[in-house]
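Structure data (compact mmCIF, C-alpha atoms and all ligand atoms) from my_file01.txt:
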# COMPACT_ATOMS: atom_id res chain seq x y z
CA MET A 5 -34.15 -40.42 -5.18
CA PRO A 6 -31.49 -37.73 -5.76
CA ARG A 7 -28.46 -38.85 -7.72
CA PRO A 8 -25.40 -39.14 -5.50
CA THR A 9 -22.78 -36.54 -6.32
CA THR A 10 -19.06 -36.47 -5.72
CA PRO A 11 -18.17 -33.99 -2.98
CA THR A 12 -16.22 -31.04 -4.31
CA GLY A 13 -12.99 -29.81 -2.77
CA ARG A 14 -15.07 -27.13 -1.05
CA ASP A 15 -17.42 -29.74 0.47
CA ARG A 16 -14.51 -31.83 1.71
CA LEU A 17 -12.82 -28.87 3.39
CA LEU A 18 -16.02 -27.73 5.08
CA THR A 19 -16.74 -31.27 6.28
CA ALA A 20 -13.24 -31.63 7.69
CA PHE A 21 -13.34 -28.14 9.28
CA PRO A 22 -16.96 -27.27 10.12
CA GLU A 23 -15.66 -24.35 12.22
CA LEU A 24 -14.84 -22.61 8.92
CA HIS A 25 -18.55 -21.81 8.50
CA GLU A 26 -18.28 -18.94 10.96
CA TYR A 27 -15.71 -17.22 8.73
CA GLY A 28 -17.82 -17.43 5.57
CA THR A 29 -19.49 -14.31 4.27
CA PRO A 30 -22.22 -13.99 1.62
CA ALA A 31 -21.01 -12.68 -1.72
CA LEU A 32 -22.15 -12.62 -5.34
CA LEU A 33 -20.36 -13.94 -8.38
CA LEU A 34 -21.63 -11.92 -11.34
CA HIS A 35 -20.72 -14.36 -14.15
CA PRO A 36 -20.59 -11.83 -17.02
CA HIS A 37 -21.33 -13.49 -20.36
CA LEU A 38 -21.48 -12.02 -23.86
CA GLY A 39 -24.85 -10.42 -24.58
CA ASN A 40 -26.64 -7.35 -25.77
CA PRO A 41 -27.48 -5.33 -22.64
CA GLY A 42 -29.53 -2.14 -22.85
CA PRO A 43 -29.04 0.94 -20.64
CA GLN A 44 -31.74 -0.31 -18.25
CA ASP A 45 -29.93 -3.60 -17.67
CA SER A 46 -27.33 -4.69 -15.17
CA SER A 47 -24.27 -5.31 -17.29
CA VAL A 48 -20.51 -5.40 -17.69
CA GLY A 49 -19.10 -3.22 -20.47
CA GLY A 50 -22.62 -2.14 -21.45
CA PRO A 51 -24.43 1.17 -21.94
CA LEU A 52 -25.10 3.16 -18.75
CA LEU A 53 -28.00 5.26 -17.54
CA TRP A 54 -26.59 8.71 -16.75
CA PRO A 55 -27.83 11.99 -15.24
CA ALA A 56 -28.31 14.64 -17.95
CA ASP A 57 -26.52 17.28 -15.85
CA GLU A 58 -23.48 15.21 -14.86
CA PRO A 59 -20.35 15.41 -16.99
CA TRP A 60 -19.01 12.10 -18.23
CA PRO A 61 -15.80 11.29 -16.29
CA THR A 62 -12.48 11.56 -18.09
CA CYS A 63 -8.84 10.76 -17.32
CA ASP A 64 -5.96 13.16 -17.77
CA PHE A 65 -3.38 11.28 -15.70
CA LEU A 66 -0.06 9.96 -16.98
CA HIS A 67 -0.38 6.89 -19.19
CA TYR A 68 2.03 4.26 -20.43
CA ASP A 69 2.73 4.10 -24.12
CA PHE A 70 4.49 0.76 -24.47
CA ASP A 71 5.35 1.49 -28.13
CA ALA A 72 7.29 4.64 -27.22
CA PRO A 73 11.10 4.67 -27.17
CA GLN A 74 12.72 3.63 -23.91
CA GLY A 75 12.60 6.38 -21.32
CA ALA A 76 9.63 8.10 -22.96
CA GLU A 77 6.91 5.56 -22.13
CA GLU A 78 5.09 7.81 -19.65
CA ILE A 79 3.00 10.27 -21.59
CA HIS A 80 0.10 12.67 -21.33
CA PHE A 81 -2.36 12.16 -24.17
CA ASP A 82 -3.33 15.27 -26.14
CA ALA A 83 -6.91 14.99 -24.92
CA PRO A 84 -8.47 13.45 -21.78
CA VAL A 85 -9.69 9.87 -22.15
CA ALA A 86 -13.42 9.22 -21.72
CA LEU A 87 -13.84 6.57 -19.03
CA GLN A 88 -15.54 3.35 -20.07
CA PRO A 89 -18.18 1.28 -18.27
CA VAL A 90 -17.00 -1.72 -16.30
CA LEU A 91 -20.11 -2.47 -14.25
CA GLN A 92 -23.68 -1.27 -13.98
CA LEU A 93 -25.54 -3.12 -11.24
CA PHE A 94 -29.10 -2.36 -10.17
CA ALA A 95 -30.11 -3.30 -6.62
CA ARG A 96 -33.37 -4.68 -8.04
CA ASP A 97 -31.39 -7.38 -9.86
CA LEU A 98 -29.73 -8.69 -6.70
CA PRO A 99 -30.99 -11.88 -5.06
CA ASP A 100 -33.21 -11.46 -1.96
CA GLU A 101 -31.33 -10.54 1.21
CA HIS A 102 -28.62 -8.74 -0.80
CA ALA A 103 -28.28 -4.97 -1.08
CA LEU A 104 -25.86 -2.50 -2.56
CA HIS A 105 -23.59 -0.68 -0.15
CA GLY A 106 -25.38 2.11 1.71
CA GLY A 107 -28.74 1.03 0.31
CA ALA A 108 -27.97 2.50 -3.14
CA GLU A 109 -30.26 1.71 -6.06
CA LEU A 110 -27.48 1.52 -8.59
CA LEU A 111 -23.72 0.94 -8.58
CA GLN A 112 -21.66 2.04 -11.56
CA VAL A 113 -17.95 1.37 -11.95
CA LEU A 114 -16.01 2.96 -14.82
CA TRP A 115 -12.35 2.89 -15.74
CA CYS A 116 -9.81 4.52 -17.98
CA PRO A 117 -8.93 1.51 -20.12
CA ASN A 118 -5.20 2.18 -20.21
CA SER A 119 -2.15 1.42 -18.09
CA HIS A 120 -1.14 4.15 -15.67
CA PRO A 121 2.29 4.43 -14.03
CA GLN A 122 0.60 5.58 -10.84
CA PRO A 123 -3.17 5.20 -10.87
CA PRO A 124 -4.36 7.65 -8.20
CA ASP A 125 -6.53 5.02 -6.51
CA ALA A 126 -3.80 2.35 -6.50
CA PHE A 127 -2.66 0.91 -3.20
CA GLY A 128 1.04 0.62 -3.97
CA HIS A 129 1.01 -0.69 -7.54
CA GLY A 130 1.31 0.65 -11.09
CA TYR A 131 0.40 -0.46 -14.59
CA THR A 132 -3.37 -0.80 -14.12
CA PRO A 133 -6.48 1.11 -15.23
CA TRP A 134 -7.82 3.89 -13.00
CA LEU A 135 -11.27 3.19 -11.61
CA THR A 136 -14.06 5.44 -10.44
CA ILE A 137 -17.37 4.62 -8.75
CA ARG A 138 -20.85 6.12 -8.84
CA SER A 139 -23.19 4.96 -6.11
CA ARG A 140 -26.67 6.27 -6.98
CA HIS A 141 -29.53 6.47 -4.52
CA ASP A 142 -32.08 7.92 -6.91
CA THR A 143 -32.34 6.65 -10.46
CA THR A 144 -35.38 8.68 -11.54
CA ASN A 145 -33.24 11.42 -13.14
CA LEU A 146 -31.10 8.98 -15.13
CA ARG A 147 -31.48 8.65 -18.89
CA PRO A 148 -29.90 6.60 -21.65
CA LEU A 149 -27.29 8.67 -23.48
CA ARG A 150 -27.84 9.41 -27.14
CA GLU A 151 -24.19 8.64 -27.67
CA GLN A 152 -22.01 7.20 -24.95
CA PRO A 153 -18.49 8.71 -25.09
CA LEU A 154 -15.80 6.36 -26.39
CA ALA A 155 -12.16 6.37 -25.28
CA HIS A 156 -9.87 7.76 -27.99
CA THR A 157 -7.14 5.39 -26.75
CA ALA A 158 -7.76 2.05 -25.08
CA ALA A 159 -5.65 -1.03 -24.42
CA LYS A 160 -7.30 -4.05 -25.99
CA GLU A 161 -7.00 -6.06 -22.77
CA TYR A 162 -9.09 -3.40 -20.98
CA THR A 163 -11.73 -3.05 -23.70
CA LEU A 164 -14.69 -4.96 -22.35
CA PRO A 165 -17.28 -6.54 -24.63
CA PRO A 166 -20.92 -5.97 -23.58
CA CYS A 167 -21.98 -8.69 -21.17
CA LEU A 168 -25.12 -9.61 -19.25
CA LEU A 169 -24.90 -11.03 -15.74
CA ALA A 170 -25.96 -14.38 -14.27
CA ILE A 171 -25.67 -13.61 -10.57
CA GLU A 172 -24.80 -16.50 -8.25
CA GLU A 173 -24.98 -16.37 -4.46
CA ILE A 174 -21.94 -17.85 -2.78
CA THR A 175 -20.29 -18.00 0.61
CA ASP A 176 -16.79 -16.59 0.39
CA TYR A 177 -13.93 -17.33 2.78
CA PRO A 178 -10.92 -15.19 3.68
CA SER A 179 -7.29 -15.92 2.86
CA GLY A 180 -5.67 -18.30 5.35
CA ALA A 181 -3.74 -15.36 6.81
CA PHE A 182 -7.03 -13.91 8.11
CA LEU A 183 -8.06 -17.14 9.89
CA PRO A 184 -6.94 -17.84 13.46
CA GLU A 185 -3.37 -19.12 13.21
CA GLU A 186 -4.23 -22.35 15.01
CA LEU A 187 -6.98 -23.16 12.47
CA ALA A 188 -4.86 -22.19 9.47
CA ASP A 189 -2.07 -24.47 10.76
CA ARG A 190 -4.44 -27.43 11.19
CA ILE A 191 -5.76 -26.93 7.64
CA GLN A 192 -2.25 -26.88 6.27
CA GLU A 193 -1.33 -30.09 8.12
CA TRP A 194 -4.46 -31.77 6.76
CA GLU A 195 -3.66 -30.66 3.21
CA GLU A 196 -0.14 -32.04 3.47
CA ASP A 197 -1.21 -35.33 5.08
CA VAL A 198 -1.21 -37.57 2.00
CA PRO A 199 0.40 -41.00 1.61
CA GLN A 200 3.88 -40.78 0.16
CA THR A 201 3.66 -44.08 -1.72
CA GLY A 202 1.28 -45.66 -4.21
CA HIS A 203 -1.56 -43.81 -5.86
CA VAL A 204 -1.72 -40.36 -4.26
CA VAL A 205 -5.11 -38.69 -4.32
CA PRO A 206 -4.54 -34.93 -4.03
CA LYS A 207 -6.18 -33.22 -1.11
CA PRO A 208 -8.32 -30.14 -1.76
CA SER A 209 -6.56 -26.86 -1.14
CA TYR A 210 -8.04 -24.15 1.07
CA PHE A 211 -6.33 -21.50 -1.06
CA TYR A 212 -7.47 -22.81 -4.45
CA ASP A 213 -10.75 -24.55 -3.66
CA LEU A 214 -12.41 -22.51 -0.93
CA ALA A 215 -10.90 -19.11 -0.13
CA HIS A 216 -11.43 -15.86 -2.06
CA ARG A 217 -13.39 -17.16 -5.08
CA ARG A 218 -12.15 -16.07 -8.50
CA GLY A 219 -14.19 -14.09 -11.01
CA MET A 220 -16.07 -10.82 -11.07
CA LYS A 221 -17.43 -10.65 -7.56
CA LEU A 222 -19.41 -8.29 -5.38
CA GLY A 223 -18.44 -8.36 -1.71
CA GLY A 224 -16.62 -11.31 -0.23
CA TYR A 225 -12.86 -11.36 -0.10
CA HIS A 226 -10.28 -10.18 -2.55
CA ARG A 227 -8.02 -12.95 -3.82
CA TRP A 228 -4.52 -12.31 -2.44
CA SER A 229 -1.98 -14.06 -4.61
CA LEU A 230 0.75 -11.59 -5.56
CA THR A 231 1.78 -10.37 -2.12
CA ASP A 232 1.09 -11.47 1.43
CA PRO A 233 -2.41 -10.52 2.54
CA ALA A 234 -2.48 -7.21 4.36
CA PRO A 235 -5.24 -5.16 5.94
CA ILE A 236 -6.18 -2.09 3.91
CA GLU A 237 -6.85 1.10 5.79
CA CYS A 238 -8.57 4.29 4.74
CA GLU A 239 -6.77 7.59 5.42
CA CYS A 240 -9.29 8.09 8.26
CA GLY A 241 -7.94 4.97 9.98
CA THR A 242 -10.97 2.74 9.31
CA PRO A 243 -10.30 -0.74 7.89
CA MET A 244 -11.64 -0.78 4.35
CA GLU A 245 -14.11 -3.33 2.98
CA HIS A 246 -13.84 -5.24 -0.24
CA LEU A 247 -16.53 -3.99 -2.61
CA PHE A 248 -15.80 -5.51 -5.98
CA GLN A 249 -13.29 -7.84 -7.64
CA ILE A 250 -12.32 -7.77 -11.33
CA ASP A 251 -10.47 -10.90 -12.38
CA SER A 252 -8.36 -11.73 -15.43
CA MET A 253 -9.37 -14.12 -18.21
CA GLU A 254 -12.80 -15.01 -16.85
CA PRO A 255 -14.47 -17.62 -19.07
CA GLY A 256 -17.78 -16.70 -20.69
CA GLY A 257 -16.88 -13.37 -22.26
CA LEU A 258 -13.96 -11.74 -20.48
CA GLU A 259 -11.20 -14.11 -21.60
CA ARG A 260 -9.30 -11.18 -23.11
CA LEU A 261 -9.43 -9.08 -19.98
CA VAL A 262 -5.94 -9.36 -18.51
CA ILE A 263 -5.04 -7.17 -15.53
CA SER A 264 -1.32 -6.44 -15.94
CA ARG A 265 0.23 -9.94 -16.11
CA GLY A 266 -2.97 -11.80 -15.29
CA TYR A 267 -3.81 -10.55 -11.82
CA SER A 268 -7.03 -9.30 -10.25
CA LEU A 269 -8.12 -5.87 -9.10
CA GLY A 270 -9.97 -5.43 -5.83
CA LEU A 271 -11.92 -2.27 -5.18
CA HIS A 272 -11.95 -1.45 -1.47
CA HIS A 273 -14.07 1.25 0.08
CA CYS A 274 -14.37 2.95 3.44
CA PRO A 275 -17.43 1.92 5.47
CA ALA A 276 -17.18 5.14 7.50
CA SER A 277 -18.07 7.40 4.56
CA PRO A 278 -18.81 7.03 0.85
CA GLU A 279 -16.97 10.37 0.43
CA HIS A 280 -13.62 8.83 1.38
CA PRO A 281 -11.61 7.78 -1.68
CA HIS A 282 -11.61 4.09 -2.54
CA HIS A 283 -8.44 2.03 -3.00
CA THR A 284 -7.71 -0.37 -5.81
CA VAL A 285 -5.47 -3.29 -4.98
CA MET A 286 -3.82 -5.45 -7.63
CA GLN A 287 -3.24 -9.07 -6.69
ZN ZN A 301 -6.15 7.15 -17.86
ZN ZN A 302 -12.45 6.49 5.66
Once you've parsed the file, please lay out its structure as structure tokens.
Amino acid sequence: MPRPTTPTGRDRLLTAFPELHEYGTPALLLHPHLGNPGPQDSSVGGPLLWPADEPWPTCDFLHYDFDAPQGAEEIHFDAPVALQPVLQLFARDLPDEHALHGGAELLQVLWCPNSHPQPPDAFGHGYTPWLTIRSRHDTTNLRPLREQPLAHTAAKEYTLPPCLLAIEEITDYPSGAFLPEELADRIQEWEEDVPQTGHVVPKPSYFYDLAHRRGMKLGGYHRWSLTDPAPIECECGTPMEHLFQIDSMEPGGLERLVISRGYSLGLHHCPASPEHPHHTVMQ
């Protein structure tokens, strides 16, 4: 007989509001944990497979130098910074029924591991790394590099240790602002309906226990916490989709990764065309 288990906050919310199921979307938590990935592995901060004829991406944008005298913090480095791997994810490593966007075989995300006053992909924020994506449909021409370029300057909070992934399938739920108002109001009333005297058992919170799961995540919903949730639009007018979330201080290996003051970065892309530039949103 299975051992009875205590329902989690998530279970209690979904039992109280079964209509939430229709707003859930499948997503993957990647659970990066310290390891020794090779270039053929899905990894975070690990070695990448790379086409022999493709230059390694570099960054020549303005950077912050927080040690510089006041008024001179925004600087150009003498030489471009070699971007560093954030994610390498092979479609073959995804659970059944999951695919990479556009049917790609491999997704690679790299960043310049420094703070930028105005990262070119930023959606109205500063201070964060600049990200770039490679979505590869053919991996036969990719090779391990003899020597993967290192960044000559890197902030320690953006220097990622090599990690392997333990991919978990989840159902992710949007921020309350993206639910029908009537449902969001009922959830809020339920959360606040606790006895005012005696021993008060806290109610689960939609925001903390169910919506927009924390951690490094593929798909699902970005965790809005810094500003009010807002739709993100591509320059072509198409609503963008959340591709990838990078979170701060994730246990298991990325405790030292701190986005600005402890926020998360969401990478949003345009479903109309992979050619349209992505947006990075800090929350
Ligand atoms: Zn840079
Ligand atoms: Zn677009």
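Going from CA of Tyr131 in chain A over to CA of Ala234 in chain A, you cover 20.3 Å.
Between CA of Thr242 in chain A and CA of Met286 in chain A lies a distance of 20.1 Å.
Distance check against Pro30 in chain A using only C-alpha atoms: of A:Arg260, A:His141, A:His246, A:His102, the minimum falls on A:His102.
Distance-wise, CA of Asp176 in chain A and CA of Arg7 in chain A end up 26.4 Å apart.
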Test item: residues at most 12 Å from range 69-78 of chain A, only C-alpha atoms, excluding those fewer than 2 positions along its chain, as a PyMOL selection string: chain A and resi 65-67+80-81+118-122+130-131+157-159
Per residue of chain A within 10 Å of ligand ZN 302 (chain A), which atom pair is closest and at what distance in Å (one decimal), using all atoms listed in the file, listed by chain and increasing number, as JSON lines?
{"residue": "A:Glu237", "atom": "CA", "partner": "A:ZN302", "partner_atom": "ZN", "distance": 7.8}
{"residue": "A:Cys238", "atom": "CA", "partner": "A:ZN302", "partner_atom": "ZN", "distance": 4.6}
{"residue": "A:Glu239", "atom": "CA", "partner": "A:ZN302", "partner_atom": "ZN", "distance": 5.8}
{"residue": "A:Cys240", "atom": "CA", "partner": "A:ZN302", "partner_atom": "ZN", "distance": 4.4}
{"residue": "A:Gly241", "atom": "CA", "partner": "A:ZN302", "partner_atom": "ZN", "distance": 6.4}
{"residue": "A:Thr242", "atom": "CA", "partner": "A:ZN302", "partner_atom": "ZN", "distance": 5.4}
{"residue": "A:Pro243", "atom": "CA", "partner": "A:ZN302", "partner_atom": "ZN", "distance": 7.9}
{"residue": "A:Met244", "atom": "CA", "partner": "A:ZN302", "partner_atom": "ZN", "distance": 7.4}
{"residue": "A:His273", "atom": "CA", "partner": "A:ZN302", "partner_atom": "ZN", "distance": 7.8}
{"residue": "A:Cys274", "atom": "CA", "partner": "A:ZN302", "partner_atom": "ZN", "distance": 4.6}
{"residue": "A:Pro275", "atom": "CA", "partner": "A:ZN302", "partner_atom": "ZN", "distance": 6.8}
{"residue": "A:Ala276", "atom": "CA", "partner": "A:ZN302", "partner_atom": "ZN", "distance": 5.3}
{"residue": "A:Ser277", "atom": "CA", "partner": "A:ZN302", "partner_atom": "ZN", "distance": 5.8}
{"residue": "A:Pro278", "atom": "CA", "partner": "A:ZN302", "partner_atom": "ZN", "distance": 8.0}
{"residue": "A:Glu279", "atom": "CA", "partner": "A:ZN302", "partner_atom": "ZN", "distance": 7.9}
{"residue": "A:His280", "atom": "CA", "partner": "A:ZN302", "partner_atom": "ZN", "distance": 5.0}
{"residue": "A:Pro281", "atom": "CA", "partner": "A:ZN302", "partner_atom": "ZN", "distance": 7.5}
{"residue": "A:His282", "atom": "CA", "partner": "A:ZN302", "partner_atom": "ZN", "distance": 8.6}
